[in-house]
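Chemist: Below is a structure I'd like to ask you about.
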Amino acid sequence: MSVISLPEAGPPLIVALDLGTSSARALLFDGRGRNVPGLEAQVPYRMTTTPDGGVEIDADRLVGIVAQTIDELLTLVGAARNPLHPIAAVAACTFWHNLMGVDRDGRAVTPVYSWNDTRSAAAAGGLRNTIDEGELHARTGCVLHASYWPAKLTWLRGSRPELFKDVHRWMSIGEYFYLRLFGRTVCSISMASATGIFNQNECDWDREVLSLLGIGPDQLSSLADMEGAVSGLASEYAGRWPALAGIPWFPALGDGACGNVGSGCVTPDRAALNLGTSGALRVAWTASEVKIPRGLWCYRVDRRRFVMGGALSNGGNLFAWLQETLRLVQPDELEAELERLRPDEHGLTVLPFLSGERSTGWHSEARGAIIGLSLDTTPIELLRAGLESVAYRFAAIYDLIAREIGRPSRVIASGAAVLRSPAWAQIISDVIGAGISTSAEAEISSRGAALMGLEALDGISRIDNVEIALGRNYSPDSERHRRYLEARERQANLYEAIIVKGAKQ
């Protein structure tokens, strides 16, 4: 783990702000991207959910939460017994796809809408009658889905027209946070690239989709890469945080992109797998242009680097649901039982879509299914089948990545669900047929943001030259992989029969 003692913290020191969907954090990293222990603050929060699928939070409340983490971190820094070098910069990452609107005075007139707000699902379906989804995906790397801005903007225009008219500019929460602090803001290439209104190869807002949505570029923030740092805090915040008043604050990046950077997956031979409540498998690499295959999304880390992959809405939440519903024993005891079962010996075929599907088919309305139950089926077999079913969805993403940019020889895994279950990690390795190493870095996304900032400061030469800490290794077994190929085919046939054909009816 890249953690050091206070006396070892070398310059330039950088604060990393990490705004996730359930907490905000502020951490301190040194000039080699190592977390300084004890110097971090975290404030948990909950978004508001609504019966019709809404997931949102008041924008100014969220600004206050992030500011609180900075207050707490600077208090800790000031109380440190060992003298520290001055803080050189602030880096940030926020959850991708969030959307909000501000008025002409720069104040929020909408809440922050999260990526998993599904109220715009019908609007996404309606857009398919006016937009060629294949062409849109080829340009923007995004499909017509409730996660992205085209659907959300269309939904807001139709369902809340007065609110829509009050919006002078659309942005993400990271931009709004800087707007409050500095009176001006920029949108990073990374955040823009995951909106669904950004042309990946032109590296600019997509004029064609903006025209179809009736949105002008002047209603969006100016685009900037890491060179677009802002400085000069407004007097209120300069007095509150004098140590941060005159230093550069780098534009907020997407958390998924930072996850790849923080886990050392910025070349085509390494894929980053994250498995927590949900899941994602991503590859990042340097290129001047990209061809985007169907089934995968494609965004950017920055102006030079793309990040491509797929996301699952069902991961650790499926494990938790099965454990609770089947009244299984505690996780430590489950591990031994899971490992005793042979691959696919239960004969079950599972579609794990308790929360709909994102990659690779993007069927929001998809639901779960279990085929092959008998009087002999046991709860632990149901659990194992569920974990294998999620691994098959990762394998579908992995295969698409391999066809497009080559087969990653190593997968670096992070996230509570996979780190707590070696049995699941081994299942995924056997299913995709590639070695997996767990990451020993405790702070993946925030570390990635810090490394991007350090690269911009010339504190490090390149992010792909930074040493990463790894944990346990898992190697695939050829016989188990063969058995899983047959099981994957069963799942693919069931998926076609229930999900694909059901969507066409």
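By convention in this document, the chains of the structure tokens carry letters A, B, ... by their order, each chain's residues are numbered from 1, and ligands are numbered from 1 in the order they are shown.
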Using only C-alpha atoms, I'd like a table of the residues in segment 47-73 of chain A that come within 10 Å of segment 231-255 of chain A; for each, show the closest atom pair and its distance in Å rounded to one decimal, ordered by chain and ascending number, as CSV.
Modeler:
residue,atom,partner,partner_atom,distance
A:Ala67,CA,A:Tyr237,CA,9.3
A:Ile70,CA,A:Trp241,CA,8.3
A:Asp71,CA,A:Trp241,CA,7.7
Chemist: Could those selected residues go to a file with N, CA and C atoms, as a short mmCIF file (atom, residue, chain, number, x, y, z; two decimals), in the first residue's frame?
Modeler:
data_model
loop_
_atom_site.label_atom_id
_atom_site.label_comp_id
_atom_site.auth_asym_id
_atom_site.auth_seq_id
_atom_site.Cartn_x
_atom_site.Cartn_y
_atom_site.Cartn_z
N ALA A 67 -16.89 21.08 1.43
CA ALA A 67 -16.16 22.10 2.19
C ALA A 67 -15.86 21.63 3.61
N ILE A 70 -12.76 19.57 3.70
CA ILE A 70 -11.55 20.38 3.61
C ILE A 70 -11.24 21.01 4.96
N ASP A 71 -12.27 21.54 5.63
CA ASP A 71 -12.08 22.08 6.98
C ASP A 71 -11.40 21.06 7.88
#
Chemist: Could you state the separation of atom CA of Gly141 of chain A and atom CA of Leu451 of chain A in Å, given to one decimal place?
Modeler: 25.2 Å
Chemist: Need the shell around Ile173 of chain A: protein/DNA/RNA residues with any atom at most 12 Å away, counting only C-alpha atoms. Skip same-chain ones fewer than 5 positions apart. Format as a VMD selection string?
Modeler: chain A and resid 18 to 21 56 to 66 92 to 102 107 to 108 110 to 114 178 to 180 185 to 188 191 221 251 to 254
Chemist: How many Å separate atom CA of Ala122 of chain A from atom CA of Leu281 of chain A?
Modeler: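 Going from atom CA of Ala122 of chain A over to atom CA of Leu281 of chain A covers 27.1 Å.
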Chemist: Can you tell me which residues surround Gly309 of chain A at a distance of at most 9 Å, considering only C-alpha atoms, apart from same-chain residues fewer than 3 positions away, and format the answer as a list in words?
Modeler: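 In the requested format, the answer is Ala271, Ala280, Leu281, Arg282, Val283, Ala284, Gly295, Leu296, Trp297, Cys298, Tyr299, Ser359, Ile397, Tyr398, Leu400 and Ile401 of chain A.
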Chemist: Taking C-alpha atoms for each residue, export the selection above as a PDB file, in the first residue's frame.
Modeler:
ATOM      1  CA  ALA A 271      -7.569  -3.668 -17.123  1.00  0.00           C
ATOM      2  CA  ALA A 280     -16.959  -1.898 -13.915  1.00  0.00           C
ATOM      3  CA  LEU A 281     -14.151  -3.171 -16.133  1.00  0.00           C
ATOM      4  CA  ARG A 282     -12.075  -0.507 -17.890  1.00  0.00           C
ATOM      5  CA  VAL A 283      -8.925  -0.098 -19.968  1.00  0.00           C
ATOM      6  CA  ALA A 284      -7.146   3.244 -20.437  1.00  0.00           C
ATOM      7  CA  GLY A 295     -21.586  -2.803 -26.246  1.00  0.00           C
ATOM      8  CA  LEU A 296     -18.853  -0.703 -24.625  1.00  0.00           C
ATOM      9  CA  TRP A 297     -18.768   2.898 -23.539  1.00  0.00           C
ATOM     10  CA  CYS A 298     -15.802   5.135 -24.242  1.00  0.00           C
ATOM     11  CA  TYR A 299     -14.790   8.278 -22.344  1.00  0.00           C
ATOM     12  CA  SER A 359     -23.259  -3.006 -20.271  1.00  0.00           C
ATOM     13  CA  ILE A 397     -17.052  -6.808 -21.471  1.00  0.00           C
ATOM     14  CA  TYR A 398     -13.537  -8.273 -21.384  1.00  0.00           C
ATOM     15  CA  LEU A 400     -15.221  -6.840 -26.419  1.00  0.00           C
ATOM     16  CA  ILE A 401     -12.191  -4.958 -25.083  1.00  0.00           C
TER      17      ILE A 401
END
Chemist: Give me every strand (DSSP E or B) residue in segment 246-399 of chain A, going by DSSP on the backbone, as a ChimeraX atom specification.
Modeler: /A:249,253-254,270-275,279-286,297-300,305-312,349-351,354,356,369-371
Chemist: Which is closer to Arg207 of chain A than all the others in A:Thr140, A:Ser23, A:Gln426, A:Ser147, using only C-alpha atoms?
Modeler: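 Smallest distance to Arg207 of chain A is found for A:Thr140.
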Chemist: Between A:Ile468, A:Ala311, A:Leu338, A:Leu328, single out the one closest to Trp115 of chain A, counting only C-alpha atoms.
Modeler: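 Under the stated criterion, the closest residue is A:Ala311.
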Chemist: Please, which residues of segment 16-169 of chain A, numbered as in this document, come out helix (DSSP H, G or I) from DSSP, as a VMD selection string?
Modeler: chain A and resid 59 to 79 121 to 127 133 to 140 149 to 159 161 to 166
Chemist: Which one of A:Tyr148, A:Trp321, A:Trp424, A:Phe177 sits closest to Tyr392 of chain A if you count only C-alpha atoms?
Modeler: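 Looking at the shortest contact to Tyr392 of chain A, the residue is A:Trp424.
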Chemist: Between A:Ile87, A:Val411, A:Cys203, A:Leu213, single out the one closest to Gly433 of chain A, counting only C-alpha atoms.
Modeler: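 Result for the nearest residue to Gly433 of chain A: A:Val411.
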Chemist: Which one of A:Gly256, A:Pro379, A:Gly361, A:Gly448 sits closest to Glu337 of chain A if you count only C-alpha atoms?
Modeler: A:Pro379
